[in-house]
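target.cif, holding mmCIF, C-alpha atoms:
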data_upload
#
loop_
_atom_site.label_atom_id
_atom_site.label_comp_id
_atom_site.auth_asym_id
_atom_site.auth_seq_id
_atom_site.Cartn_x
_atom_site.Cartn_y
_atom_site.Cartn_z
CA TYR A 1 69.58 267.16 118.96
CA PRO A 2 66.63 269.60 118.93
CA TYR A 3 64.99 268.76 115.61
CA PRO A 4 62.24 268.18 114.70
CA LEU A 5 60.63 270.72 117.02
CA ILE A 6 58.08 268.34 118.53
CA SER A 7 58.51 268.83 122.29
CA GLY A 8 58.79 271.68 124.74
CA ASP A 9 62.46 271.21 125.64
CA ARG A 10 63.45 271.18 121.95
CA VAL A 11 61.41 274.29 121.18
CA ARG A 12 62.96 276.12 124.14
CA ILE A 13 66.60 275.38 123.26
CA HIS A 14 65.87 276.16 119.59
CA TYR A 15 64.70 279.66 120.47
CA ILE A 16 67.55 280.16 122.94
CA CYS A 17 70.03 279.24 120.18
CA ARG A 18 68.25 281.51 117.71
CA GLU A 19 68.44 284.47 120.07
CA LEU A 20 72.07 283.83 121.00
CA ALA A 21 73.06 283.38 117.34
CA SER A 22 71.76 286.87 116.55
CA HIS A 23 74.40 288.32 118.91
CA PHE A 24 77.23 285.77 119.12
CA ASP A 25 79.07 283.05 117.25
CA ILE A 26 77.81 279.84 118.84
CA THR A 27 78.51 276.14 118.55
CA LEU A 28 75.83 273.59 119.41
CA LEU A 29 77.33 270.29 120.52
CA CYS A 30 74.66 267.63 120.79
CA LEU A 31 74.14 263.92 121.28
CA CYS A 32 72.29 261.78 118.75
CA ASP A 33 70.86 258.32 119.45
CA SER A 34 70.41 257.37 115.79
CA ARG A 35 72.57 257.36 112.70
CA GLN A 36 69.83 259.22 110.87
CA ASP A 37 70.22 262.21 113.21
CA LEU A 38 73.93 262.21 112.45
CA ARG A 39 73.27 262.41 108.70
CA ASP A 40 70.40 264.91 108.78
CA SER A 41 71.18 268.46 107.76
CA LEU A 42 69.81 271.41 109.69
CA PRO A 43 66.27 272.50 108.74
CA GLN A 44 65.58 275.84 107.14
CA GLU A 45 64.36 277.42 110.38
CA ALA A 46 67.58 276.58 112.24
CA PRO A 47 69.60 279.59 113.42
CA SER A 48 72.96 280.37 111.88
CA MET A 49 75.33 278.35 114.03
CA ARG A 50 77.97 275.66 113.94
CA VAL A 51 76.56 272.24 114.87
CA GLU A 52 78.55 269.20 115.95
CA LYS A 53 77.00 265.82 116.71
CA VAL A 54 78.19 262.88 118.80
CA TRP A 55 76.52 259.50 118.41
CA LEU A 56 75.42 257.81 121.63
CA PRO A 57 73.63 254.54 120.72
CA ARG A 58 70.70 253.59 122.93
CA TYR A 59 72.22 250.28 123.97
CA ARG A 60 75.14 252.25 125.46
CA SER A 61 72.70 254.50 127.34
CA TYR A 62 70.91 251.44 128.75
CA LEU A 63 74.23 250.01 129.91
CA ASN A 64 75.04 253.35 131.54
CA VAL A 65 71.75 253.19 133.46
CA LEU A 66 72.41 249.64 134.63
CA GLY A 67 75.86 250.67 135.83
CA ALA A 68 74.38 253.56 137.84
CA ALA A 69 71.48 251.58 139.35
CA PHE A 70 73.22 251.14 142.72
CA SER A 71 74.86 254.58 142.82
CA ARG A 72 73.53 258.01 143.87
CA ILE A 73 73.70 259.39 140.32
CA PRO A 74 70.32 260.22 138.72
CA LEU A 75 69.56 257.67 136.04
CA GLN A 76 68.86 260.35 133.46
CA VAL A 77 72.35 261.77 134.03
CA ALA A 78 73.86 258.31 133.61
CA TYR A 79 71.78 257.73 130.47
CA TYR A 80 73.54 260.59 128.67
CA ARG A 81 77.11 259.77 129.64
CA SER A 82 79.55 259.73 126.74
CA ARG A 83 83.34 259.75 126.88
CA THR A 84 83.51 261.08 123.32
CA PHE A 85 81.13 263.91 124.15
CA ARG A 86 83.15 264.85 127.24
CA GLN A 87 86.35 264.94 125.23
CA ARG A 88 84.79 267.18 122.59
CA VAL A 89 83.46 269.54 125.26
CA SER A 90 87.00 269.89 126.63
CA GLU A 91 88.30 270.74 123.17
CA LEU A 92 85.57 273.23 122.28
CA VAL A 93 85.84 275.04 125.60
CA GLN A 94 89.25 276.33 124.52
CA GLN A 95 87.66 278.09 121.52
CA HIS A 96 84.75 279.74 123.33
CA ASP A 97 84.19 282.42 125.97
CA ILE A 98 81.08 281.05 127.70
CA VAL A 99 79.63 277.56 128.09
CA LEU A 100 75.89 276.87 128.37
CA ALA A 101 74.72 273.43 129.48
CA HIS A 102 71.20 272.45 128.45
CA LEU A 103 69.26 270.49 131.10
CA LEU A 104 70.59 268.87 134.26
CA ARG A 105 71.77 265.80 132.33
CA THR A 106 74.62 267.77 130.69
CA ALA A 107 75.69 269.76 133.76
CA SER A 108 78.55 267.44 134.72
CA TYR A 109 80.22 267.99 131.34
CA VAL A 110 80.89 271.68 131.98
CA GLY A 111 80.60 272.10 135.75
CA THR A 112 84.36 272.40 136.27
CA VAL A 113 85.57 274.09 133.07
CA ALA A 114 87.59 277.26 133.58
CA LYS A 115 85.15 279.54 131.74
CA PRO A 116 81.94 281.36 132.73
CA ARG A 117 79.24 278.68 132.99
CA ALA A 118 75.46 278.76 132.68
CA LEU A 119 72.95 275.95 133.15
CA GLU A 120 69.59 276.07 131.37
CA MET A 121 67.59 273.63 133.49
CA THR A 122 64.09 274.48 132.23
CA ASP A 123 62.56 272.52 135.16
CA ALA A 124 63.68 271.61 138.64
CA VAL A 125 64.00 267.89 137.98
CA SER A 126 63.47 266.98 141.64
CA LEU A 127 60.12 268.81 141.62
CA THR A 128 59.02 266.98 138.48
CA TYR A 129 59.84 263.61 140.05
CA GLN A 130 58.16 264.61 143.31
CA ARG A 131 54.91 265.40 141.51
CA ALA A 132 55.18 262.30 139.31
CA SER A 133 55.62 259.95 142.26
CA ARG A 134 52.64 261.56 144.00
CA VAL A 135 50.14 261.14 141.15
CA GLY A 136 51.34 257.81 139.72
CA SER A 137 49.87 254.47 140.68
CA ARG A 138 51.89 252.56 143.26
CA ARG A 139 51.44 249.44 141.17
CA ARG A 140 53.46 250.91 138.31
CA LEU A 141 57.21 250.48 138.09
CA LYS A 142 57.59 254.05 136.82
CA THR A 143 56.16 255.45 140.06
CA TRP A 144 58.86 253.69 142.11
CA VAL A 145 61.54 254.84 139.68
CA TYR A 146 60.32 258.43 140.08
CA ARG A 147 60.62 258.14 143.86
CA VAL A 148 64.17 256.81 143.66
CA GLU A 149 65.09 259.49 141.12
CA GLN A 150 63.62 262.29 143.27
CA SER A 151 66.09 261.78 146.12
CA ARG A 152 68.96 261.36 143.68
CA ALA A 153 67.97 264.49 141.75
CA GLU A 154 67.68 266.60 144.92
CA LEU A 155 71.18 265.61 146.02
CA TYR A 156 72.59 266.10 142.54
CA GLU A 157 71.01 269.54 142.13
CA ARG A 158 72.34 270.62 145.51
CA ASN A 159 75.89 269.59 144.58
CA ILE A 160 76.09 270.59 140.91
CA LEU A 161 74.28 273.94 140.80
CA PRO A 162 76.87 275.90 142.85
CA LEU A 163 79.39 275.17 140.08
CA PHE A 164 77.51 277.50 137.71
CA ASP A 165 77.51 281.28 137.52
CA THR A 166 73.88 281.36 136.38
CA VAL A 167 71.06 278.81 136.42
CA THR A 168 67.80 279.42 134.54
CA VAL A 169 64.41 277.78 135.10
CA VAL A 170 61.01 278.30 133.55
CA SER A 171 58.93 279.22 136.62
CA GLN A 172 59.10 280.60 140.14
CA SER A 173 57.94 277.23 141.50
CA ASP A 174 61.04 275.59 140.05
CA ARG A 175 63.27 278.30 141.49
CA ASP A 176 61.68 277.92 144.93
CA GLN A 177 62.24 274.15 144.80
CA LEU A 178 65.95 274.56 144.05
CA LEU A 179 66.51 277.18 146.73
CA ALA A 180 64.52 275.17 149.30
CA GLY A 181 66.72 272.18 148.51
CA GLY A 182 69.80 274.15 149.48
CA ALA A 183 71.09 274.88 145.97
CA ALA A 184 73.49 277.77 146.52
CA ALA A 185 73.37 279.25 143.03
CA GLN A 186 72.22 282.30 141.10
CA VAL A 187 68.85 280.95 139.92
CA MET A 188 66.95 283.12 137.44
CA VAL A 189 63.40 282.64 136.16
CA CYS A 190 63.27 282.80 132.36
CA SER A 191 59.72 281.88 131.43
CA ASN A 192 58.49 280.59 128.09
CA GLY A 193 56.92 283.11 125.77
CA VAL A 194 54.62 282.97 122.75
CA ASP A 195 55.00 285.08 119.62
CA THR A 196 51.45 286.40 119.47
CA ASP A 197 52.02 288.01 116.07
CA LYS A 198 53.07 284.71 114.53
CA TYR A 199 50.44 282.66 116.37
CA ARG A 200 47.41 284.92 116.20
CA PHE A 201 44.17 283.63 117.69
CA ARG A 202 41.64 282.67 115.05
CA PRO A 203 38.27 281.51 116.37
CA VAL A 204 37.06 278.15 115.09
CA PHE A 205 33.32 277.99 114.55
CA SER A 206 31.77 274.59 115.05
CA ASN A 207 28.43 273.13 116.00
CA GLU A 208 30.14 271.03 118.69
CA PRO A 209 32.27 272.20 121.63
CA LEU A 210 35.95 271.55 120.93
CA VAL A 211 38.86 271.17 123.36
CA VAL A 212 42.39 270.63 122.06
CA PHE A 213 45.46 269.88 124.18
CA VAL A 214 48.74 270.05 122.27
CA GLY A 215 51.49 268.20 124.10
CA ASN A 216 53.49 265.03 124.50
CA LEU A 217 51.27 262.55 126.34
CA THR A 218 54.16 260.24 127.22
CA THR A 219 55.25 263.00 129.61
CA LEU A 220 53.54 262.51 132.96
CA PRO A 221 52.82 266.21 133.75
CA ASN A 222 50.98 266.55 130.44
CA LEU A 223 49.13 263.27 130.94
CA ASP A 224 48.16 264.31 134.47
CA ALA A 225 46.91 267.67 133.20
CA CYS A 226 44.66 266.02 130.60
CA THR A 227 43.35 263.44 133.04
CA TYR A 228 42.62 266.08 135.68
CA PHE A 229 40.82 268.27 133.17
CA ALA A 230 38.75 265.40 131.81
CA LEU A 231 37.75 264.00 135.20
CA GLU A 232 37.60 267.06 137.46
CA VAL A 233 37.08 270.19 135.35
CA LEU A 234 35.06 269.19 132.31
CA PRO A 235 32.14 267.58 134.24
#
Would it be possible to restate this file's structure as C-alpha cells?
Amino acid sequence: YPYPLISGDRVRIHYICRELASHFDITLLCLCDSRQDLRDSLPQEAPSMRVEKVWLPRYRSYLNVLGAAFSRIPLQVAYYRSRTFRQRVSELVQQHDIVLAHLLRTASYVGTVAKPRALEMTDAVSLTYQRASRVGSRRRLKTWVYRVEQSRAELYERNILPLFDTVTVVSQSDRDQLLAGGAAAQVMVCSNGVDTDKYRFRPVFSNEPLVVFVGNLTTLPNLDACTYFALEVLP
C-alpha cells in the first residue's frame, strides 16, 4: 500500500499509477500489514483509481518465511504470499486488459495469467543483494541472509522474467544484471525523474557548510552511500 509517500518504491508506484490513471481505468490491488491501512482512505494527492486492499498480518508473513527457509524461493517472495490476494488477482484479471505486477515479490501472482503482463521491478534484486553482501560485515546475520537471498533471487529472476511481455527497471546497471543472469525477457530502462518545476532549487544561505541526505537509512544501499561519503569523500 503506497501511502504515505515516504520511500522510493512507494513514490515510484504512486507516479506510475498517476500517469496510467490519466489514460486508463485502473485498479490497484495491494497488501496491507495493519488494520489501520485497511481503514485509511486515499490521500488527496492519490490518482483517480479503484483501490482494493487485502490484509496480510505480519505474523503470517513470518510464518511464510519460516516455511520457505529450506526452499529455493527468495524469502521476500515468501513473505508476501497470500491465498486471498491470489484469489482476488484471478478475479480481477477477468475485468482488465493488462496486468502490471509491482516488484519481484508480486510476479508469481500474475506470471501465468492469460493477459498481457508487465513487471515493474525497479531494481534487479539479485544485484542489490550482491552489493549488500559485499559491503556488510561478515559478523552480521543480515550479511549471510543477503548472500543466501542473492543466489535465490538470481534463479528466481531467470525463471520468472520470461513469463512477462515487458519488464522495467530503473537503470542500465539493473538491466545488464538481469540479461547477464540469463533472463530472457524484454527488459526496458525506465529511470526515475524529478519534476524540476515543482521542486525548484532554492539556495540556502548559512554560515556553516550543510549536507543533507534524504533517504531511508534502514535500506543498506542508502546507508552505504552515507557511510562512504562521510568516510571517503568528505575528508
Give me the region 1-38 of chain A side of the contact with region 114-125 of chain A, cut-off 10 Å, one line per residue showing its nearest atom pair and distance in Å at one decimal, counting all atoms listed in the file, sorted by chain and residue number, as JSON lines.
{"residue": "A:Gly8", "atom": "CA", "partner": "A:Thr122", "partner_atom": "CA", "distance": 9.6}
{"residue": "A:Asp9", "atom": "CA", "partner": "A:Thr122", "partner_atom": "CA", "distance": 7.5}
{"residue": "A:Arg12", "atom": "CA", "partner": "A:Thr122", "partner_atom": "CA", "distance": 8.3}
{"residue": "A:Ile13", "atom": "CA", "partner": "A:Glu120", "partner_atom": "CA", "distance": 8.7}
{"residue": "A:Ile16", "atom": "CA", "partner": "A:Glu120", "partner_atom": "CA", "distance": 9.6}
Of the residues A:Ala21, A:Glu154, A:Val110, A:Met49, which is the one nearest to Gln130 (chain A), using all atoms listed in the file?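 The answer is A:Glu154, which sits nearest to Gln130 (chain A).
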Could you list, as a ChimeraX atom specification, every residue matched by the PyMOL selection byres ((chain A and resi 47) around 12) in this structure? /A:2-3,13-28,42-46,48-51
Given the file above and the PyMOL selection byres ((chain A and resi 126) around 12), which residues are selected, and can you give them as a ChimeraX atom specification? /A:74,76,104,121,123-125,127-133,146-158,173-181,183
Please produce a file of the residues just selected, as a PDB file, in the frame of the given file, where the atoms kept are C-alpha atoms.
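Heads up, here's the output in selection.pdb:
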ATOM      1  CA  PRO A  74      70.320 260.220 138.720  1.00  0.00           C
ATOM      2  CA  GLN A  76      68.860 260.350 133.460  1.00  0.00           C
ATOM      3  CA  LEU A 104      70.590 268.870 134.260  1.00  0.00           C
ATOM      4  CA  MET A 121      67.590 273.630 133.490  1.00  0.00           C
ATOM      5  CA  ASP A 123      62.560 272.520 135.160  1.00  0.00           C
ATOM      6  CA  ALA A 124      63.680 271.610 138.640  1.00  0.00           C
ATOM      7  CA  VAL A 125      64.000 267.890 137.980  1.00  0.00           C
ATOM      8  CA  LEU A 127      60.120 268.810 141.620  1.00  0.00           C
ATOM      9  CA  THR A 128      59.020 266.980 138.480  1.00  0.00           C
ATOM     10  CA  TYR A 129      59.840 263.610 140.050  1.00  0.00           C
ATOM     11  CA  GLN A 130      58.160 264.610 143.310  1.00  0.00           C
ATOM     12  CA  ARG A 131      54.910 265.400 141.510  1.00  0.00           C
ATOM     13  CA  ALA A 132      55.180 262.300 139.310  1.00  0.00           C
ATOM     14  CA  SER A 133      55.620 259.950 142.260  1.00  0.00           C
ATOM     15  CA  TYR A 146      60.320 258.430 140.080  1.00  0.00           C
ATOM     16  CA  ARG A 147      60.620 258.140 143.860  1.00  0.00           C
ATOM     17  CA  VAL A 148      64.170 256.810 143.660  1.00  0.00           C
ATOM     18  CA  GLU A 149      65.090 259.490 141.120  1.00  0.00           C
ATOM     19  CA  GLN A 150      63.620 262.290 143.270  1.00  0.00           C
ATOM     20  CA  SER A 151      66.090 261.780 146.120  1.00  0.00           C
ATOM     21  CA  ARG A 152      68.960 261.360 143.680  1.00  0.00           C
ATOM     22  CA  ALA A 153      67.970 264.490 141.750  1.00  0.00           C
ATOM     23  CA  GLU A 154      67.680 266.600 144.920  1.00  0.00           C
ATOM     24  CA  LEU A 155      71.180 265.610 146.020  1.00  0.00           C
ATOM     25  CA  TYR A 156      72.590 266.100 142.540  1.00  0.00           C
ATOM     26  CA  GLU A 157      71.010 269.540 142.130  1.00  0.00           C
ATOM     27  CA  ARG A 158      72.340 270.620 145.510  1.00  0.00           C
ATOM     28  CA  SER A 173      57.940 277.230 141.500  1.00  0.00           C
ATOM     29  CA  ASP A 174      61.040 275.590 140.050  1.00  0.00           C
ATOM     30  CA  ARG A 175      63.270 278.300 141.490  1.00  0.00           C
ATOM     31  CA  ASP A 176      61.680 277.920 144.930  1.00  0.00           C
ATOM     32  CA  GLN A 177      62.240 274.150 144.800  1.00  0.00           C
ATOM     33  CA  LEU A 178      65.950 274.560 144.050  1.00  0.00           C
ATOM     34  CA  LEU A 179      66.510 277.180 146.730  1.00  0.00           C
ATOM     35  CA  ALA A 180      64.520 275.170 149.300  1.00  0.00           C
ATOM     36  CA  GLY A 181      66.720 272.180 148.510  1.00  0.00           C
ATOM     37  CA  ALA A 183      71.090 274.880 145.970  1.00  0.00           C
TER      38      ALA A 183
END
From CA of Thr112 (chain A) to CA of Leu163 (chain A) the spacing works out at 6.8 Å
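Those DNA, RNA and protein residues that approach the point (40.9, 266.7, 122.1) to within 12 Å, considering only C-alpha atoms, are Pro209, Leu210, Val211, Val212, Phe213, Val214, Gly215, Leu217, Cys226, Thr227, Phe229 and Ala230 of chain A.
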Selection: 8 Å around Pro57 (chain A), only C-alpha atoms, excl. self and same-chain fewer than 2 positions, as a PDB file with C-alpha atoms, keeping the file's coordinate frame:
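This is the output file part_1.pdb:
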ATOM      1  CA  CYS A  32      72.290 261.780 118.750  1.00  0.00           C
ATOM      2  CA  ASP A  33      70.860 258.320 119.450  1.00  0.00           C
ATOM      3  CA  SER A  34      70.410 257.370 115.790  1.00  0.00           C
ATOM      4  CA  TRP A  55      76.520 259.500 118.410  1.00  0.00           C
ATOM      5  CA  TYR A  59      72.220 250.280 123.970  1.00  0.00           C
ATOM      6  CA  ARG A  60      75.140 252.250 125.460  1.00  0.00           C
ATOM      7  CA  SER A  61      72.700 254.500 127.340  1.00  0.00           C
TER       8      SER A  61
END
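Using only C-alpha atoms for every distance, the candidate list A:Leu223, A:Leu29, A:Leu75, A:Ile6 yields A:Leu29 as the residue closest to Val99 (chain A).
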Around (77.8, 277.5, 142.9) in the file's frame, which residues reach within 8 Å when counting all atoms listed in the file? Return as a ChimeraX atom specification? /A:160-165,183-186
